[in-house]
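*Asks:* Just one file: run_9.cif, with mmCIF, C-alpha atoms.
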data_model
#
loop_
_atom_site.group_PDB
_atom_site.id
_atom_site.type_symbol
_atom_site.label_atom_id
_atom_site.label_comp_id
_atom_site.auth_asym_id
_atom_site.auth_seq_id
_atom_site.Cartn_x
_atom_site.Cartn_y
_atom_site.Cartn_z
ATOM 1 C CA MET F 17 -8.591 22.478 -15.509
ATOM 2 C CA ASP F 18 -9.707 18.947 -14.658
ATOM 3 C CA PHE F 19 -9.412 18.130 -10.929
ATOM 4 C CA VAL F 20 -7.717 14.813 -11.743
ATOM 5 C CA PHE F 21 -4.735 16.871 -12.938
ATOM 6 C CA TYR F 22 -4.366 18.296 -9.424
ATOM 7 C CA LEU F 23 -4.309 14.757 -7.999
ATOM 8 C CA TRP F 24 -1.535 13.762 -10.421
ATOM 9 C CA LEU F 25 0.502 16.920 -9.777
ATOM 10 C CA PRO F 26 1.974 15.909 -6.352
ATOM 11 C CA LEU F 27 2.772 12.421 -7.687
ATOM 12 C CA ILE F 28 4.622 13.832 -10.704
ATOM 13 C CA LEU F 29 6.517 16.333 -8.535
ATOM 14 C CA LEU F 30 7.458 13.586 -6.062
ATOM 15 C CA ALA F 31 8.680 11.334 -8.884
ATOM 16 C CA LEU F 32 10.722 14.160 -10.442
ATOM 17 C CA ALA F 33 12.269 15.090 -7.070
ATOM 18 C CA SER F 34 13.138 11.410 -6.475
ATOM 19 C CA ILE F 35 14.741 11.048 -9.913
ATOM 20 C CA TYR F 36 16.718 14.269 -9.321
ATOM 21 C CA LYS F 37 17.911 12.935 -5.955
ATOM 22 C CA LEU F 38 18.799 9.538 -7.442
ATOM 23 C CA LEU F 39 20.859 11.192 -10.194
ATOM 24 C CA ASN F 40 22.655 13.440 -7.719
ATOM 25 C CA LYS F 41 23.272 10.563 -5.316
ATOM 26 C CA ASN F 42 24.982 8.592 -8.068
ATOM 27 C CA LYS F 43 27.007 11.655 -9.013
ATOM 28 C CA ASP F 44 28.251 12.090 -5.423
ATOM 29 C CA SER F 45 29.237 8.483 -4.914
ATOM 30 C CA SER F 46 31.017 8.030 -8.237
ATOM 31 C CA LYS F 47 34.757 7.566 -8.017
ATOM 32 C CA PRO F 48 36.997 9.971 -9.949
ATOM 33 C CA TRP F 49 38.555 8.623 -13.103
ATOM 34 C CA ILE F 50 41.911 10.178 -12.263
ATOM 35 C CA ARG F 51 43.294 10.418 -8.760
ATOM 36 C CA ILE F 52 45.890 13.093 -8.133
ATOM 37 C CA GLU F 53 48.070 12.461 -5.133
ATOM 38 C CA GLU F 54 50.324 14.886 -3.439
ATOM 39 C CA VAL F 55 53.987 14.111 -3.931
ATOM 40 C CA LYS F 56 56.380 14.978 -1.176
ATOM 41 C CA ASP F 57 59.514 16.912 -2.069
ATOM 42 C CA ASN F 58 61.962 14.145 -1.205
ATOM 43 C CA GLU F 59 60.232 11.449 -3.270
ATOM 44 C CA MET U 12 19.898 -3.577 9.909
ATOM 45 C CA SER U 13 19.444 -1.641 13.143
ATOM 46 C CA ARG U 14 17.616 1.031 11.132
ATOM 47 C CA HIS U 15 14.614 -1.278 10.895
ATOM 48 C CA LEU U 16 14.830 -3.153 14.155
ATOM 49 C CA SER U 17 12.456 -1.063 16.195
ATOM 50 C CA MET U 18 9.871 -1.527 13.453
ATOM 51 C CA ARG U 19 6.580 0.226 13.857
ATOM 52 C CA THR U 20 3.864 0.062 11.201
ATOM 53 C CA ALA U 21 0.205 0.945 11.164
ATOM 54 C CA ASN U 22 -0.672 -2.007 8.980
ATOM 55 C CA PRO U 23 -2.218 -4.636 11.286
ATOM 56 C CA ALA U 24 -0.613 -7.355 9.195
ATOM 57 C CA LEU U 25 2.894 -5.966 9.498
ATOM 58 C CA GLN U 26 3.637 -5.495 13.181
ATOM 59 C CA SER U 27 6.933 -5.066 15.013
ATOM 60 C CA ASP U 28 7.134 -8.627 16.294
ATOM 61 C CA THR U 29 6.029 -10.320 13.065
ATOM 62 C CA PHE U 30 9.570 -11.274 12.003
ATOM 63 C CA ARG U 31 10.563 -12.298 15.546
ATOM 64 C CA LYS U 32 7.559 -14.654 15.718
ATOM 65 C CA SER U 33 8.284 -16.040 12.259
ATOM 66 C CA MET U 34 11.911 -16.803 13.087
ATOM 67 C CA SER U 35 11.500 -18.177 16.602
ATOM 68 C CA GLY U 36 9.615 -21.339 15.689
ATOM 69 C CA SER U 37 11.377 -22.907 12.774
ATOM 70 C CA ILE U 38 14.421 -22.427 10.632
ATOM 71 C CA ALA U 39 13.559 -21.770 7.013
ATOM 72 C CA SER U 40 14.180 -24.955 5.079
ATOM 73 C CA ASP U 41 13.524 -23.535 1.603
ATOM 74 C CA GLY U 42 15.606 -20.380 1.707
ATOM 75 C CA THR U 43 15.080 -16.892 2.991
ATOM 76 C CA MET U 44 12.919 -13.945 2.047
ATOM 77 C CA THR U 45 14.173 -11.775 -0.828
ATOM 78 C CA ILE U 46 12.921 -8.498 -2.296
ATOM 79 C CA ASN U 47 12.705 -10.151 -5.742
ATOM 80 C CA GLY U 48 10.531 -12.895 -4.268
ATOM 81 C CA VAL U 49 8.122 -10.328 -2.833
ATOM 82 C CA VAL U 50 8.012 -8.450 -6.171
ATOM 83 C CA ASN U 51 7.170 -11.677 -8.067
ATOM 84 C CA LYS U 52 4.511 -12.729 -5.565
ATOM 85 C CA THR U 53 2.972 -9.253 -5.545
ATOM 86 C CA GLY U 54 2.810 -9.330 -9.357
ATOM 87 C CA LEU U 55 1.156 -12.747 -9.296
ATOM 88 C CA SER U 56 -1.338 -11.699 -6.604
ATOM 89 C CA LEU U 57 -2.251 -8.521 -8.485
ATOM 90 C CA LEU U 58 -2.784 -10.589 -11.636
ATOM 91 C CA LEU U 59 -5.152 -12.926 -9.742
ATOM 92 C CA LEU U 60 -6.926 -9.899 -8.262
ATOM 93 C CA ILE U 61 -7.413 -8.265 -11.681
ATOM 94 C CA ILE U 62 -8.707 -11.511 -13.256
ATOM 95 C CA SER U 63 -11.262 -12.072 -10.475
ATOM 96 C CA ALA U 64 -12.231 -8.363 -10.466
ATOM 97 C CA SER U 65 -13.026 -8.610 -14.182
ATOM 98 C CA ILE U 66 -15.648 -11.295 -13.387
ATOM 99 C CA THR U 67 -17.789 -9.094 -11.106
ATOM 100 C CA TRP U 68 -16.957 -5.983 -13.148
ATOM 101 C CA SER U 69 -18.306 -7.406 -16.415
ATOM 102 C CA ASN U 70 -21.237 -9.392 -14.948
ATOM 103 C CA PRO U 71 -23.437 -7.116 -12.801
ATOM 104 C CA ALA U 72 -25.735 -10.117 -12.221
ATOM 105 C CA LEU U 73 -22.953 -11.716 -10.178
ATOM 106 C CA SER U 74 -23.034 -9.045 -7.482
ATOM 107 C CA TRP U 75 -23.654 -11.768 -4.885
ATOM 108 C CA LEU U 76 -20.194 -13.076 -5.760
ATOM 109 C CA GLY U 77 -18.787 -9.681 -4.788
ATOM 110 C CA MET U 78 -20.486 -9.959 -1.394
ATOM 111 C CA VAL U 79 -19.048 -13.459 -0.947
ATOM 112 C CA GLY U 80 -15.625 -12.021 -1.807
ATOM 113 C CA THR U 81 -16.003 -9.297 0.836
ATOM 114 C CA PHE U 82 -16.653 -11.698 3.717
ATOM 115 C CA ALA U 83 -14.323 -14.456 2.505
ATOM 116 C CA GLY U 84 -11.575 -11.847 2.078
ATOM 117 C CA LEU U 85 -12.087 -10.667 5.647
ATOM 118 C CA ILE U 86 -11.872 -14.232 7.010
ATOM 119 C CA LEU U 87 -8.775 -14.995 4.916
ATOM 120 C CA ALA U 88 -7.116 -11.777 6.141
ATOM 121 C CA VAL U 89 -7.655 -12.790 9.781
ATOM 122 C CA VAL U 90 -6.350 -16.325 9.089
ATOM 123 C CA THR U 91 -3.259 -14.887 7.348
ATOM 124 C CA ILE U 92 -2.489 -12.558 10.275
ATOM 125 C CA PHE U 93 -2.771 -15.339 12.860
ATOM 126 C CA LYS U 94 -1.176 -18.104 10.758
ATOM 127 C CA PRO U 95 1.465 -16.571 8.473
ATOM 128 C CA THR U 96 3.053 -19.976 7.802
ATOM 129 C CA ILE U 97 0.159 -20.875 5.487
ATOM 130 C CA SER U 98 0.160 -17.485 3.751
ATOM 131 C CA HIS U 99 1.251 -19.169 0.475
ATOM 132 C CA LEU U 100 -2.304 -20.597 0.421
ATOM 133 C CA THR U 101 -4.319 -17.804 2.017
ATOM 134 C CA VAL U 102 -2.753 -14.805 0.218
ATOM 135 C CA PRO U 103 -3.569 -15.908 -3.392
ATOM 136 C CA ALA U 104 -7.099 -16.803 -2.178
ATOM 137 C CA TYR U 105 -7.323 -13.411 -0.447
ATOM 138 C CA ALA U 106 -6.283 -11.672 -3.708
ATOM 139 C CA ILE U 107 -8.999 -13.551 -5.644
ATOM 140 C CA MET U 108 -11.709 -12.753 -3.043
ATOM 141 C CA GLN U 109 -10.736 -9.083 -2.803
ATOM 142 C CA GLY U 110 -10.745 -8.943 -6.606
ATOM 143 C CA LEU U 111 -14.395 -10.046 -6.620
ATOM 144 C CA PHE U 112 -15.198 -7.333 -4.066
ATOM 145 C CA LEU U 113 -13.256 -4.597 -5.903
ATOM 146 C CA GLY U 114 -14.835 -5.524 -9.249
ATOM 147 C CA LEU U 115 -18.267 -5.074 -7.689
ATOM 148 C CA ILE U 116 -17.668 -1.716 -5.980
ATOM 149 C CA SER U 117 -15.787 -0.399 -9.011
ATOM 150 C CA ARG U 118 -18.832 -1.246 -11.163
ATOM 151 C CA VAL U 119 -21.156 0.529 -8.681
ATOM 152 C CA PHE U 120 -19.018 3.709 -8.762
ATOM 153 C CA GLU U 121 -18.547 3.444 -12.544
ATOM 154 C CA ASN U 122 -22.312 3.327 -13.115
ATOM 155 C CA GLN U 123 -22.630 6.609 -11.202
ATOM 156 C CA TYR U 124 -19.584 8.355 -12.676
ATOM 157 C CA PRO U 125 -18.336 6.800 -15.943
ATOM 158 C CA GLY U 126 -14.533 6.628 -16.195
ATOM 159 C CA ILE U 127 -13.945 6.863 -12.440
ATOM 160 C CA ALA U 128 -12.584 3.298 -12.043
ATOM 161 C CA VAL U 129 -9.859 3.728 -14.672
ATOM 162 C CA GLN U 130 -8.817 7.044 -13.081
ATOM 163 C CA ALA U 131 -8.650 5.396 -9.641
ATOM 164 C CA ILE U 132 -6.591 2.446 -10.968
ATOM 165 C CA PHE U 133 -4.053 4.738 -12.664
ATOM 166 C CA LEU U 134 -3.844 6.999 -9.603
ATOM 167 C CA THR U 135 -3.294 3.987 -7.314
ATOM 168 C CA PHE U 136 -0.446 2.582 -9.408
ATOM 169 C CA GLY U 137 0.891 6.108 -9.982
ATOM 170 C CA THR U 138 1.050 6.586 -6.216
ATOM 171 C CA LEU U 139 2.749 3.196 -5.793
ATOM 172 C CA GLY U 140 5.340 4.066 -8.446
ATOM 173 C CA SER U 141 6.154 7.553 -7.197
ATOM 174 C CA LEU U 142 6.422 6.445 -3.555
ATOM 175 C CA LEU U 143 8.631 3.521 -4.547
ATOM 176 C CA LEU U 144 10.904 5.987 -6.348
ATOM 177 C CA ALA U 145 10.864 8.323 -3.341
ATOM 178 C CA TYR U 146 11.751 5.432 -1.015
ATOM 179 C CA MET U 147 14.516 4.105 -3.269
ATOM 180 C CA SER U 148 16.061 7.557 -3.670
ATOM 181 C CA GLY U 149 15.961 8.201 0.078
ATOM 182 C CA LEU U 150 13.718 11.241 -0.373
ATOM 183 C CA ILE U 151 11.254 9.651 2.056
ATOM 184 C CA LYS U 152 12.824 7.670 4.865
ATOM 185 C CA ALA U 153 10.924 5.446 7.267
ATOM 186 C CA THR U 154 12.373 7.024 10.423
ATOM 187 C CA GLU U 155 10.983 6.225 13.866
ATOM 188 C CA ASN U 156 9.113 9.543 14.035
ATOM 189 C CA PHE U 157 7.683 8.979 10.559
ATOM 190 C CA LYS U 158 6.477 5.506 11.545
ATOM 191 C CA LEU U 159 4.994 6.840 14.773
ATOM 192 C CA GLY U 160 3.152 9.599 12.890
ATOM 193 C CA ILE U 161 1.689 7.249 10.277
ATOM 194 C CA PHE U 162 0.814 4.712 12.981
ATOM 195 C CA ALA U 163 -1.085 7.357 14.996
ATOM 196 C CA ALA U 164 -2.839 8.801 11.942
ATOM 197 C CA THR U 165 -3.893 5.376 10.635
ATOM 198 C CA GLY U 166 -5.138 4.416 14.104
ATOM 199 C CA ALA U 167 -7.157 7.635 14.301
ATOM 200 C CA ILE U 168 -8.747 6.947 10.898
ATOM 201 C CA GLY U 169 -9.508 3.379 12.001
ATOM 202 C CA VAL U 170 -11.210 4.594 15.188
ATOM 203 C CA LEU U 171 -13.179 7.205 13.218
ATOM 204 C CA TYR U 172 -14.379 4.545 10.724
ATOM 205 C CA LEU U 173 -15.290 2.197 13.586
ATOM 206 C CA ILE U 174 -17.348 4.904 15.323
ATOM 207 C CA ASN U 175 -19.029 5.694 11.987
ATOM 208 C CA PHE U 176 -19.787 1.974 11.502
ATOM 209 C CA ILE U 177 -21.370 1.709 14.977
ATOM 210 C CA MET U 178 -23.329 4.946 14.437
ATOM 211 C CA SER U 179 -24.683 3.567 11.142
ATOM 212 C CA PHE U 180 -26.716 1.004 13.145
ATOM 213 C CA PHE U 181 -28.593 3.933 14.701
ATOM 214 C CA GLY U 182 -29.265 5.543 11.348
ATOM 215 C CA THR U 183 -26.613 8.236 11.672
ATOM 216 C CA GLY U 184 -22.890 8.655 10.983
ATOM 217 C CA ILE U 185 -19.917 11.007 10.867
ATOM 218 C CA GLY U 186 -20.878 13.463 8.135
ATOM 219 C CA VAL U 187 -17.376 14.408 7.013
ATOM 220 C CA ILE U 188 -16.596 10.832 5.906
ATOM 221 C CA HIS U 189 -19.327 10.738 3.275
ATOM 222 C CA SER U 190 -19.924 14.435 2.646
ATOM 223 C CA ASN U 191 -18.852 16.058 -0.633
ATOM 224 C CA SER U 192 -18.394 19.412 1.099
ATOM 225 C CA THR U 193 -14.966 21.087 1.134
ATOM 226 C CA MET U 194 -14.315 19.564 4.575
ATOM 227 C CA GLY U 195 -15.351 16.141 3.289
ATOM 228 C CA ILE U 196 -12.924 16.395 0.363
ATOM 229 C CA VAL U 197 -10.088 17.650 2.599
ATOM 230 C CA PHE U 198 -10.757 14.672 4.892
ATOM 231 C CA SER U 199 -10.655 12.267 1.926
ATOM 232 C CA ILE U 200 -7.397 13.789 0.638
ATOM 233 C CA GLY U 201 -5.919 13.367 4.133
ATOM 234 C CA VAL U 202 -6.969 9.707 4.256
ATOM 235 C CA VAL U 203 -5.516 9.089 0.766
ATOM 236 C CA VAL U 204 -2.205 10.663 1.859
ATOM 237 C CA ILE U 205 -2.056 8.506 5.002
ATOM 238 C CA ALA U 206 -2.945 5.363 3.008
ATOM 239 C CA ALA U 207 -0.221 6.236 0.473
ATOM 240 C CA LEU U 208 2.393 6.815 3.189
ATOM 241 C CA ASN U 209 1.563 3.370 4.606
ATOM 242 C CA LEU U 210 3.207 2.047 1.420
ATOM 243 C CA VAL U 211 6.534 3.439 2.686
ATOM 244 C CA LEU U 212 6.135 1.390 5.877
ATOM 245 C CA ASP U 213 5.396 -1.680 3.739
ATOM 246 C CA PHE U 214 8.579 -1.102 1.681
ATOM 247 C CA ASP U 215 10.524 -0.771 4.930
ATOM 248 C CA PHE U 216 9.004 -4.019 6.247
ATOM 249 C CA ILE U 217 9.980 -5.862 3.045
ATOM 250 C CA GLU U 218 13.521 -4.460 3.121
ATOM 251 C CA GLU U 219 13.899 -5.435 6.769
ATOM 252 C CA GLY U 220 12.652 -8.984 6.097
ATOM 253 C CA ALA U 221 15.164 -9.446 3.288
ATOM 254 C CA GLU U 222 17.997 -7.975 5.392
ATOM 255 C CA ILE U 223 17.473 -10.172 8.429
ATOM 256 C CA GLY U 224 16.856 -13.282 6.286
ATOM 257 C CA ALA U 225 13.261 -13.970 7.293
ATOM 258 C CA PRO U 226 11.776 -17.352 6.259
ATOM 259 C CA LYS U 227 10.656 -17.768 2.641
ATOM 260 C CA TYR U 228 6.934 -17.830 3.514
ATOM 261 C CA MET U 229 7.277 -14.240 4.761
ATOM 262 C CA GLU U 230 7.463 -13.211 1.094
ATOM 263 C CA TRP U 231 3.772 -14.107 0.847
ATOM 264 C CA TYR U 232 3.061 -12.374 4.128
ATOM 265 C CA ALA U 233 4.800 -9.166 2.998
ATOM 266 C CA THR U 234 2.818 -9.401 -0.264
ATOM 267 C CA PHE U 235 -0.341 -9.596 1.838
ATOM 268 C CA GLY U 236 0.625 -6.404 3.694
ATOM 269 C CA LEU U 237 1.254 -4.586 0.430
ATOM 270 C CA LEU U 238 -2.086 -5.818 -0.998
ATOM 271 C CA VAL U 239 -3.992 -4.599 2.089
ATOM 272 C CA THR U 240 -2.498 -1.111 1.702
ATOM 273 C CA LEU U 241 -3.041 -0.987 -2.079
ATOM 274 C CA ILE U 242 -6.678 -2.086 -1.767
ATOM 275 C CA TRP U 243 -7.305 0.513 0.967
ATOM 276 C CA LEU U 244 -5.626 3.202 -1.153
ATOM 277 C CA TYR U 245 -7.690 2.277 -4.234
ATOM 278 C CA ILE U 246 -10.974 2.421 -2.284
ATOM 279 C CA GLU U 247 -10.076 5.800 -0.749
ATOM 280 C CA ILE U 248 -9.095 7.231 -4.155
ATOM 281 C CA LEU U 249 -12.381 5.919 -5.574
ATOM 282 C CA ARG U 250 -14.261 7.626 -2.738
ATOM 283 C CA LEU U 251 -12.355 10.912 -3.232
ATOM 284 C CA LEU U 252 -12.989 10.894 -6.989
ATOM 285 C CA SER U 253 -16.697 10.234 -6.461
ATOM 286 C CA LYS U 254 -16.924 13.201 -4.062
ATOM 287 C CA LEU U 255 -15.159 15.454 -6.564
ATOM 288 C CA ASN U 256 -17.351 14.192 -9.430
ATOM 289 C CA SER U 257 -20.541 14.784 -7.447
ATOM 290 C CA ARG U 258 -19.673 18.504 -7.153
ATOM 291 C CA ARG U 259 -19.544 19.011 -10.918
#
Translate this file's structure into C-alpha cells.

*Replies:*
Amino acid sequence: MDFVFYLWLPLILLALASIYKLLNKNKDSSKPWIRIEEVKDNE
Amino acid sequence: MSRHLSMRTANPALQSDTFRKSMSGSIASDGTMTINGVVNKTGLSLLLLIISASITWSNPALSWLGMVGTFAGLILAVVTIFKPTISHLTVPAYAIMQGLFLGLISRVFENQYPGIAVQAIFLTFGTLGSLLLAYMSGLIKATENFKLGIFAATGAIGVLYLINFIMSFFGTGIGVIHSNSTMGIVFSIGVVVIAALNLVLDFDFIEEGAEIGAPKYMEWYATFGLLVTLIWLYIEILRLLSKLNSRR
C-alpha cells in the first residue's frame, strides 16, 4: 500500500476520535426534555 | 482564563509575556482580539501566500525571487516579533515573501518527485484540520506539561538544526537530518509530529488572546504565529515525503 496512506491514517483516526468525543460531549451536557421530581408524601 | 495564564509555547513569536507586553503600553482603541478576526486574517494571509507561491512555482526562471523571499521573510519575521504593533503591515508582507520561497522549494522538490507538493499541501491542511478538531473536542489539551514537552522538543530540534547549519560550513552535517535511512525517516516523522503539536499551542495562544481581550493588532500577530508553524510543518512534510520517495 502507498506510504502516503500511512501518513493519513493517524490524522483520520484523530479526526474520528475527536468527532466521537464531540458527539458524546454534547450528549452529556444536553438537558433532559422531561424532569421528574420527587414528591413528598404530604404535598 | 487561568488555564492559559502561565502560557508556555515553543513558537518564538508566541511567548508567555507577549500579551502582557501588548497590553501594558496602550489601550486598544479599535476593539479587542477575537477568534473570528484571527480566522479571517489567517485566511487572507494564506490566500496571499498561495498567490505569491504560484509566481515562483510556475516560473522557474524567477528562482531569484524565491531567494529574495527567503531573506525578506526572515527580516519581516524579526521585525514582527520585536514590533507587534505594526504586524498589520509586516504579516501580509511576510505571507507574500514566504509564498515566493515556498513556491520555489516546492518546484525544486516537485521536479525530483512529481506529485510531492500536492501531497504535502493536503497533508499540511489535513493535519491542521484534525488537530483543530482534536483541540475543539478537548481530546488534546494544552496543559502545562504538554506545553513544557513541546517547548523542550522544539528547542532540541532548533539546537540540532543550528548545529547542522554550523557544521555545513565545514563540509559536514548531522546525517540523520538528511538521510533517507530508517533512522532518518523516524527522525523526520518525529519532527513532523512536534511541528504539528505546535499548532495546539498556537490555538491555545489565540484562545487566550480572545479571552483576555488583547488589542486588535494581536489578531495579526497570532496569525503570524500560526503561519510560522504551518510553513515549518509544510517544509518538514515535504522533506519526509522526499525521503520516502527516494527509497522507492

*Asks:* Using all atoms listed in the file and a distance of at most 9 Å, pull out the residues of chain F that contact chain U, as a ChimeraX atom specification.

*Replies:* /F:19-20,23-24,27-39,41

*Asks:* Please, could you write that set of residues out with C-alpha atoms as a PDB file, keeping the file's coordinate frame?

*Replies:*
ATOM      1  CA  PHE F  19      -9.412  18.130 -10.929  1.00  0.00           C
ATOM      2  CA  VAL F  20      -7.717  14.813 -11.743  1.00  0.00           C
ATOM      3  CA  LEU F  23      -4.309  14.757  -7.999  1.00  0.00           C
ATOM      4  CA  TRP F  24      -1.535  13.762 -10.421  1.00  0.00           C
ATOM      5  CA  LEU F  27       2.772  12.421  -7.687  1.00  0.00           C
ATOM      6  CA  ILE F  28       4.622  13.832 -10.704  1.00  0.00           C
ATOM      7  CA  LEU F  29       6.517  16.333  -8.535  1.00  0.00           C
ATOM      8  CA  LEU F  30       7.458  13.586  -6.062  1.00  0.00           C
ATOM      9  CA  ALA F  31       8.680  11.334  -8.884  1.00  0.00           C
ATOM     10  CA  LEU F  32      10.722  14.160 -10.442  1.00  0.00           C
ATOM     11  CA  ALA F  33      12.269  15.090  -7.070  1.00  0.00           C
ATOM     12  CA  SER F  34      13.138  11.410  -6.475  1.00  0.00           C
ATOM     13  CA  ILE F  35      14.741  11.048  -9.913  1.00  0.00           C
ATOM     14  CA  TYR F  36      16.718  14.269  -9.321  1.00  0.00           C
ATOM     15  CA  LYS F  37      17.911  12.935  -5.955  1.00  0.00           C
ATOM     16  CA  LEU F  38      18.799   9.538  -7.442  1.00  0.00           C
ATOM     17  CA  LEU F  39      20.859  11.192 -10.194  1.00  0.00           C
ATOM     18  CA  LYS F  41      23.272  10.563  -5.316  1.00  0.00           C
TER      19      LYS F  41
END

*Asks:* What does the distance between CA of Met194 in chain U and CA of Phe112 in chain U come to in Å, to one decimal place?

*Replies:*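 Going from CA of Met194 in chain U over to CA of Phe112 in chain U covers 28.3 Å.
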
*Asks:* Between U:Asn209, U:Thr96, U:Ser179, U:Ser199, which has the minimum distance to Ala153 in chain U (counting all atoms listed in the file)?

*Replies:*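 Closest residue, counting all atoms listed in the file: U:Asn209.
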
*Asks:* Mind pulling up the distance from CA of Phe82 in chain U to CA of Asn22 in chain U?

*Replies:*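 Atom-to-atom, CA of Asn22 in chain U and CA of Phe82 in chain U are spaced 19.4 Å apart.
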
*Asks:* Distance cut-off 12 Å, centre (15.0, -4.3, 0.2) in file coordinates, counting only C-alpha atoms: which residues qualify? Return them as a list of chain:residue names.

*Replies:*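 Selection result: U:Met12, U:His15, U:Met44, U:Thr45, U:Ile46, U:Asn47, U:Gly48, U:Val49, U:Val50, U:Leu143, U:Tyr146, U:Met147, U:Val211, U:Leu212, U:Asp213, U:Phe214, U:Asp215, U:Phe216, U:Ile217, U:Glu218, U:Glu219, U:Gly220, U:Ala221, U:Glu222, U:Ile223, U:Gly224, U:Glu230, U:Ala233.
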
*Asks:* CA of Glu121 in chain U and CA of Ala88 in chain U are how many Å apart?

*Replies:*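 Spanning CA of Glu121 in chain U to CA of Ala88 in chain U is a straight-line distance of 26.7 Å.
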
*Asks:* Would you pick out the contacts of Gly80 in chain U at 7 Å or less, using all atoms listed in the file, so that residues sharing its chain but fewer than 6 positions from it are not included, and give the list as a list in words?

*Replies:*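 The neighbour list is Met108, Gln109, Leu111 and Phe112 of chain U.
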
*Asks:* Taking the file as shown, what set of residues would the PyMOL selection byres ((chain U and resi 160) around 12) give back, as a list in words?

*Replies:*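 In the shown coordinates, the PyMOL selection byres ((chain U and resi 160) around 12) covers Arg19, Thr20, Ala21, Ala153, Thr154, Glu155, Asn156, Phe157, Lys158, Leu159, Ile161, Phe162, Ala163, Ala164, Thr165, Gly166, Ala167, Ile205, Leu208, Asn209 and Leu212 of chain U.
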
*Asks:* Take the residues from that selection and put them in a file with C-alpha atoms, as an mmCIF file, in the frame of the given file.

*Replies:*
data_model
loop_
_atom_site.group_PDB
_atom_site.id
_atom_site.type_symbol
_atom_site.label_atom_id
_atom_site.label_comp_id
_atom_site.auth_asym_id
_atom_site.auth_seq_id
_atom_site.Cartn_x
_atom_site.Cartn_y
_atom_site.Cartn_z
ATOM 1 C CA ARG U 19 6.580 0.226 13.857
ATOM 2 C CA THR U 20 3.864 0.062 11.201
ATOM 3 C CA ALA U 21 0.205 0.945 11.164
ATOM 4 C CA ALA U 153 10.924 5.446 7.267
ATOM 5 C CA THR U 154 12.373 7.024 10.423
ATOM 6 C CA GLU U 155 10.983 6.225 13.866
ATOM 7 C CA ASN U 156 9.113 9.543 14.035
ATOM 8 C CA PHE U 157 7.683 8.979 10.559
ATOM 9 C CA LYS U 158 6.477 5.506 11.545
ATOM 10 C CA LEU U 159 4.994 6.840 14.773
ATOM 11 C CA ILE U 161 1.689 7.249 10.277
ATOM 12 C CA PHE U 162 0.814 4.712 12.981
ATOM 13 C CA ALA U 163 -1.085 7.357 14.996
ATOM 14 C CA ALA U 164 -2.839 8.801 11.942
ATOM 15 C CA THR U 165 -3.893 5.376 10.635
ATOM 16 C CA GLY U 166 -5.138 4.416 14.104
ATOM 17 C CA ALA U 167 -7.157 7.635 14.301
ATOM 18 C CA ILE U 205 -2.056 8.506 5.002
ATOM 19 C CA LEU U 208 2.393 6.815 3.189
ATOM 20 C CA ASN U 209 1.563 3.370 4.606
ATOM 21 C CA LEU U 212 6.135 1.390 5.877
#

*Asks:* Carefully work through the PyMOL selection byres ((chain U and resi 66) around 10) for this structure and note down the residues it includes, as a VMD selection string.

*Replies:* chain U and resid 61 to 65 67 to 71 73 to 74 76 to 77 110 to 111 114 to 115

*Asks:* Around all the atoms of range 58-64 of chain U listed in the file, with 6 Å of room on each side, what axis-aligned box do you get, giving centre and edge lengths in Å to one decimal, as AutoDock Vina command-line options?

*Replies:*
--center_x -7.5 --center_y -10.6 --center_z -10.8 --size_x 21.4 --size_y 16.7 --size_z 17.0
